[in-house]
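K.L.:
Pasting a structure below so you can have a look.
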Amino acid sequence: MDNDKEMSKQDQVTPEVNETQEGIQAAQNQEHDSDENPHEEEDHHVDYSNHSKKELISALKEILAADQLIKKDGEVHEIKAHFDEFYQLEKKEAAAKFEQEGGNPDDFQYRNTNEDKDFFKYYNEFRERKANQIKELEKNKEKNLHAKNEILQKLRELVDGEETTHSISTIKEIQEEWKKIGPVPASQNKNLWASYNALMDRFYDNRSIYFELKELDRKKNLEHKLEICQRAEHLGQSEDLKEAIKVLNDLHDEFKHVGPVPREEQEQVWQRFKSASDAIYARRKNYYEDQVEVFKANQVKKEALIEKLDQYKDFKADRIKDWNNKTKEILDIQKQWEAVGPVPRESGKEINKKFWGLFKQFFHNKNLFFKELDEIRLQNKAKAEELIAKATSFSDSTDWQAAGKELIQLQQDWKKIGPTPEKVRDDLYKRFKKACDTFFDKRRQANKELNKEFDQNLNEKEQLCEKIKSTASTGENLSQEELEGFIAEYNSIGFVPRKNIKDIAAKFNEAVDQYVNKLGVESGDKEEFLFRLNLTKLQADPHGNRELNKKEHGIRKQIADLENNITLWKNNLEFFAASRTADKLKDQFDEKIVKAEKEIDRLKKKLSILREF
């Protein structure tokens with residue numbers, strides 16, 4: 001209100017009008033000029049330049065959980081920029097490796113890691129939710145504008161209407177409604193407040209008779225602000241500093257909307273509230289100073305991890321297992337690194353450069369090893385292809401024994417090949433296995449047919465054994481020729497199942513022995529006859545030739561041993577003296593020599609018979 005109007009009212013309500021206008025103006029200034037309040041909450045800037053990918057993802061998730069997305073937009077863009085550095089570097093390294101391995105650069109397609117997918121998922125969620133919040137905020141601002149215009153209309157009607165005893169309560173309701181309404185579009189804010197202040201000025205000019213009530217209102221405002229001061233002072237005892245800061249900001253907002261207090265109390269109340277606020281913000285300052293010490297301690301830990309990692313930069317090995325073991329140790333160091341936390345900003349870049357340089361050096365050496373291993377695998381692939389070709393060549397063979405041995409040897413050779421390229425390993429094995437299985441399946445099928453024939457042979461041999469026993473049991477018209485005929489018939493029948501070979505041979509021998517006993521061969525000829533029968537039966541054995549050769553070798557060895565003994569004994573006879581004892585010894589040696597010579601004749605006769613077979 002201008003000075004002329006104040007002078008015209010003289011001593012009526014001038015103090016009330018002036019103080020009311022100043023109070024309204026102060027409220028406006030507090031709401032729309034936050035710079036006047038030095039204790040408004042400020043975001044503590046986080047340095048993300050020394051964060052790992054995992055830490056950047058964690059930071060983005062925390063921002064999403066806080067839900068203050070519009071406010072955190074700049075911080076998220078900084079996180080995105082640092083993450084993009086990691087992403088582009090990894091993509092570049094992957095492309096370089098692809099080209100080194102012989103890939104066409106035009107065919108390169110980078111596959112995002114799980115960390116990349118998580119980050120872009122959270123980042124896209126941030127953008128969508130922020131856009132929705134902005135849209136919602138703008139809608140709310142338009143709603144708030146409409147609501148405040150309605151309040152202004154109500155205020156105009158109240159100011160221009162007839163005065164009542166309820167005007168003060170109505171104006172207080174209007175003030176409460178006004179301060180509860182949130183922000184409006186910035187372009188409309190100044191005009192709204194100008195209209196609101198002008199109408200409030202008019203109201204209090206017209207309502208100067210309510211000066212005493214207004215003074216009472218100021219006292220109530222004072223009580224309210226003193227209560228806010230007390231609540232702010234109690235926050236100083238809170239252990240949760242973050243929560244205390246949040247509540248204090250709410251108290252600041254409440255304090256500036258309470259309304260004016262008696263002029264003489266205004267500065268004192270503000271200083272009390274400011275002192276309580278300063279105590280909280282001082283704690284926050286000390287906290288961040290303490291964090292600097294924590295960052296320095298983190299730097300010491302990370303420098304120790306760098307020294308530990310430095311031991312791996314020249315690591316070499318010839319086995320995959322050794323590389324994998326060292327890789328686990330390296331990744332464990334990486335986990336320890338990521339768990340340490342941030343370091344002072346001025347040294348973060350250099351420390352990160354050292355650590356990740358050593359980290360990449362190890363994996364560069366590992367990549368070289370696997371590149372050489374890939375060359376070995378390609379050579380092994382060629383060996384595998386050669387074995388597959390050989391195995392395939394036997395697929396249609398019907399030489400079951402020879403081809404089976406060859407394939408078994410190829411299977412042994414396959415086990416010795418060594419590692420092949422992983423992407424063709426299963427295909428190579430399937431092809432090799434298929435070639436082997438084709439042959440062995442055919443052999444099994446052929447053996448099934450052969451086993452049927454063996455079973456039939458077994459049945460025929462069992463019937464023949466019964467026939468020989470039956471013939472022998474009659475004791476009539478038995479002859480050596482008939483027995484030899486039975487043996488020849490037995491030998492001509494063919495093979496029986498392997499599990500029945502010994503059993504049928506025993507039955508046959510039993511039948512032949514029974515026939516021989518009934519035949520009544522002379523004792524002198526019986527040994528020769530039995531020997532011939534034995535040789536005849538050997539011919540029926542699948543390994544008969546080998547057994548005949550073994551028997552011949554045994555007889556020749558017996559003859560050679562006996563001849564050596566005879567020579568030795570004859571030499572010894574020349575040393576015996578002409579005495580009674582010597583004559584007795586000489587007779588004994590002569591007897592030995594005679595027996596040996598007879599045995600030699602007997603063995604030579606067997607040897608001549610053996611040659612007939």
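Every chain in the structure tokens takes a letter, A first, then B, and so on in the order presented; its residues are numbered from 1, and the ligands are numbered from 1 following the presented order.
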Range 513-516 of chain A: which residues within 7 Å, counting only C-alpha atoms, same-chain residues fewer than 3 positions away excluded, as a ChimeraX atom specification?

P.N.:
/A:468-469,472,509-510,519-520

K.L.:
Please write the residues from the selection above to a file, keeping N, CA, C and O atoms, as a PDB file, in the first residue's frame.

P.N.:
ATOM      1  N   ILE A 468      26.952-142.028 -31.105  1.00  0.00           N
ATOM      2  CA  ILE A 468      28.194-142.772 -30.817  1.00  0.00           C
ATOM      3  C   ILE A 468      28.031-143.594 -29.554  1.00  0.00           C
ATOM      4  O   ILE A 468      28.406-144.790 -29.502  1.00  0.00           O
ATOM      5  N   LYS A 469      27.423-143.017 -28.531  1.00  0.00           N
ATOM      6  CA  LYS A 469      27.216-143.751 -27.278  1.00  0.00           C
ATOM      7  C   LYS A 469      26.277-144.948 -27.498  1.00  0.00           C
ATOM      8  O   LYS A 469      26.513-146.059 -26.980  1.00  0.00           O
ATOM      9  N   ALA A 472      28.141-147.627 -29.329  1.00  0.00           N
ATOM     10  CA  ALA A 472      29.128-148.287 -28.457  1.00  0.00           C
ATOM     11  C   ALA A 472      28.453-149.205 -27.458  1.00  0.00           C
ATOM     12  O   ALA A 472      28.979-150.269 -27.106  1.00  0.00           O
ATOM     13  N   ASN A 509      34.216-136.243 -26.340  1.00  0.00           N
ATOM     14  CA  ASN A 509      35.332-137.047 -25.827  1.00  0.00           C
ATOM     15  C   ASN A 509      34.812-138.235 -25.010  1.00  0.00           C
ATOM     16  O   ASN A 509      35.338-139.359 -25.076  1.00  0.00           O
ATOM     17  N   GLU A 510      33.766-137.955 -24.223  1.00  0.00           N
ATOM     18  CA  GLU A 510      33.177-139.026 -23.409  1.00  0.00           C
ATOM     19  C   GLU A 510      32.603-140.142 -24.322  1.00  0.00           C
ATOM     20  O   GLU A 510      32.805-141.337 -24.069  1.00  0.00           O
ATOM     21  N   LEU A 519      35.619-151.030 -28.191  1.00  0.00           N
ATOM     22  CA  LEU A 519      36.253-151.528 -29.417  1.00  0.00           C
ATOM     23  C   LEU A 519      37.258-152.629 -29.117  1.00  0.00           C
ATOM     24  O   LEU A 519      37.465-153.530 -29.915  1.00  0.00           O
ATOM     25  N   GLY A 520      37.935-152.530 -27.942  1.00  0.00           N
ATOM     26  CA  GLY A 520      38.878-153.577 -27.551  1.00  0.00           C
ATOM     27  C   GLY A 520      40.155-153.552 -28.362  1.00  0.00           C
ATOM     28  O   GLY A 520      40.607-154.607 -28.834  1.00  0.00           O
TER      29      GLY A 520
END

K.L.:
Take CA of Ala435 in chain A and CA of Thr392 in chain A and report the distance between them in Å, one decimal.

P.N.:
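Between these atoms lies a distance of 4.9 Å.
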
K.L.:
Between A:Gly74, A:Thr170, A:Pro262, A:Lys53, which is the closest to Lys117 in chain A once you count only C-alpha atoms?

P.N.:
A:Lys53

K.L.:
Just give me the gap between CA of Leu331 in chain A and CA of Leu309 in chain A in Å, one decimal is fine.

P.N.:
10.3 Å

K.L.:
Which polymer residues have any atom within 12 Å of an atom of Leu192 in chain A, counting only C-alpha atoms, with same-chain residues fewer than 2 positions away left out, as a list in words?

P.N.:
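Those residues are Gln28, Asn144, Leu145, His146, Ala147, Lys148, Asn149, Glu150, Ile151, Leu152, Gln153, Trp178, Pro183, Val184, Pro185, Ala186, Ser187, Gln188, Asn189, Lys190, Ala194, Ser195, Tyr196, Asn197, Ala198 and Leu199 of chain A.
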
K.L.:
Quick one: write out the picked residues with C-alpha atoms as a PDB file, in the first residue's frame?

P.N.:
ATOM      1  CA  GLN A  28       5.939 -15.069  -1.639  1.00  0.00           C
ATOM      2  CA  ASN A 144      -2.823 -26.189  -9.959  1.00  0.00           C
ATOM      3  CA  LEU A 145      -3.186 -23.142 -12.213  1.00  0.00           C
ATOM      4  CA  HIS A 146      -6.883 -23.829 -12.594  1.00  0.00           C
ATOM      5  CA  ALA A 147      -7.263 -24.357  -8.837  1.00  0.00           C
ATOM      6  CA  LYS A 148      -5.428 -21.116  -7.979  1.00  0.00           C
ATOM      7  CA  ASN A 149      -7.521 -19.174 -10.476  1.00  0.00           C
ATOM      8  CA  GLU A 150     -10.605 -20.537  -8.750  1.00  0.00           C
ATOM      9  CA  ILE A 151      -9.189 -19.407  -5.393  1.00  0.00           C
ATOM     10  CA  LEU A 152      -8.500 -15.959  -6.839  1.00  0.00           C
ATOM     11  CA  GLN A 153     -12.120 -15.815  -7.966  1.00  0.00           C
ATOM     12  CA  TRP A 178      -3.467 -21.612  -1.706  1.00  0.00           C
ATOM     13  CA  PRO A 183       3.613 -25.373  -8.509  1.00  0.00           C
ATOM     14  CA  VAL A 184       2.051 -23.824 -11.616  1.00  0.00           C
ATOM     15  CA  PRO A 185       3.529 -23.115 -15.062  1.00  0.00           C
ATOM     16  CA  ALA A 186       6.390 -20.623 -14.641  1.00  0.00           C
ATOM     17  CA  SER A 187       4.887 -18.221 -17.160  1.00  0.00           C
ATOM     18  CA  GLN A 188       1.816 -17.810 -14.952  1.00  0.00           C
ATOM     19  CA  ASN A 189       3.455 -17.828 -11.546  1.00  0.00           C
ATOM     20  CA  LYS A 190       4.360 -14.139 -11.267  1.00  0.00           C
ATOM     21  CA  ALA A 194       0.676 -10.422  -8.046  1.00  0.00           C
ATOM     22  CA  SER A 195      -3.107 -10.941  -8.199  1.00  0.00           C
ATOM     23  CA  TYR A 196      -3.104 -12.883  -4.941  1.00  0.00           C
ATOM     24  CA  ASN A 197      -1.073 -10.243  -3.099  1.00  0.00           C
ATOM     25  CA  ALA A 198      -3.173  -7.394  -4.506  1.00  0.00           C
ATOM     26  CA  LEU A 199      -6.400  -9.058  -3.409  1.00  0.00           C
TER      27      LEU A 199
END

K.L.:
Suppose you want the space between CA of Glu599 in chain A and CA of Lys551 in chain A; what is it in Å?

P.N.:
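Between CA of Glu599 in chain A and CA of Lys551 in chain A the gap is 16.3 Å.
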
K.L.:
Set the distance at 12 Å and use only C-alpha atoms: which residues neighbour range 67-70 of chain A once local chain neighbours fewer than 5 positions away are removed? I'd like the list as a list in words.

P.N.:
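Those residues are Asp43, Leu60, Lys61, Glu62, Glu75, Val76, His77, Tyr123, Glu125, Phe126, Arg127, Glu128, Arg129, Lys130, Ala131, Asn132, Gln133, Ile134, Lys135, Glu136 and Leu137 of chain A.
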
K.L.:
Tell me which protein, DNA and RNA residues are within 12 Å of Glu481 in chain A, counting only C-alpha atoms, leaving out same-chain ones fewer than 4 positions away, and put them as a PyMOL selection string.

P.N.:
chain A and resi 477+485-488+515-516+519+529+533

K.L.:
Could those residues be written to a file, using C-alpha atoms, as a short mmCIF file (atom, residue, chain, number, x, y, z; two decimals), in the first residue's frame?

P.N.:
data_model
loop_
_atom_site.label_atom_id
_atom_site.label_comp_id
_atom_site.auth_asym_id
_atom_site.auth_seq_id
_atom_site.Cartn_x
_atom_site.Cartn_y
_atom_site.Cartn_z
CA ASN A 477 30.18 -154.51 -35.37
CA GLY A 485 33.92 -141.84 -39.63
CA PHE A 486 32.08 -140.51 -36.58
CA ILE A 487 35.00 -138.17 -35.83
CA ALA A 488 35.12 -136.96 -39.44
CA TYR A 515 33.40 -146.37 -28.09
CA VAL A 516 37.19 -147.02 -27.79
CA LEU A 519 36.25 -151.53 -29.42
CA PHE A 529 45.15 -145.36 -32.00
CA LEU A 533 41.94 -140.04 -32.47
#

K.L.:
Write down as number ranges by chain the residues belonging to range 40-212 of chain A that are assigned alpha helix (DSSP H) by DSSP computed on the backbone.

P.N.:
A: 53-66, 73-100, 114-160, 167-180, 186-206, 211-212

K.L.:
With only C-alpha atoms as the atoms that count, which of A:Arg498, A:Ser52, A:Lys219, A:Ala59 lies nearest to Tyr87 in chain A?

P.N.:
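Looking only at the distances to Tyr87 in chain A, the closest residue turns out to be A:Ser52.
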
K.L.:
For Asp503 in chain A, work out the shell of residues within 12 Å, counting only C-alpha atoms and skipping chain neighbours fewer than 4 positions away, then give it as a count of residues only.

P.N.:
12

K.L.:
Using only C-alpha atoms, can you tell me which of A:Val300, A:Leu241, A:Ala389, A:Val247 comes closest to Lys285 in chain A?

P.N.:
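Checking each candidate against Lys285 in chain A, we get A:Leu241 as the closest.
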
K.L.:
Using only C-alpha atoms, which residue out of A:Asn572, A:Gly554, A:Arg444, A:Ile593 lies closest to Leu610 in chain A?

P.N.:
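Closest to Leu610 in chain A of all the choices is A:Gly554.
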
K.L.:
Between A:Arg231, A:Glu563, A:Gln299, A:Lys71, which one has atoms that come closest to Lys349 in chain A, using only C-alpha atoms?

P.N.:
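Closest to Lys349 in chain A of all the choices is A:Gln299.
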
K.L.:
Name the closest residue to Asp455 in chain A among the candidates A:Arg556, A:Ile504, A:Phe273, A:Asn50; distances are taken between atoms, counting only C-alpha atoms.

P.N.:
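Comparing A:Arg556, A:Ile504, A:Phe273, A:Asn50 against Asp455 in chain A, the winner is A:Ile504.
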
K.L.:
Considering only C-alpha atoms, return as a list of chain:residue names whatever protein or nucleic-acid residues lie within 9 Å of Leu607 in chain A, sequence-local ones (same chain, fewer than 4 positions apart) excluded.

P.N.:
A:Glu552, A:Ile555, A:Arg556, A:Arg602, A:Leu603, A:Arg611
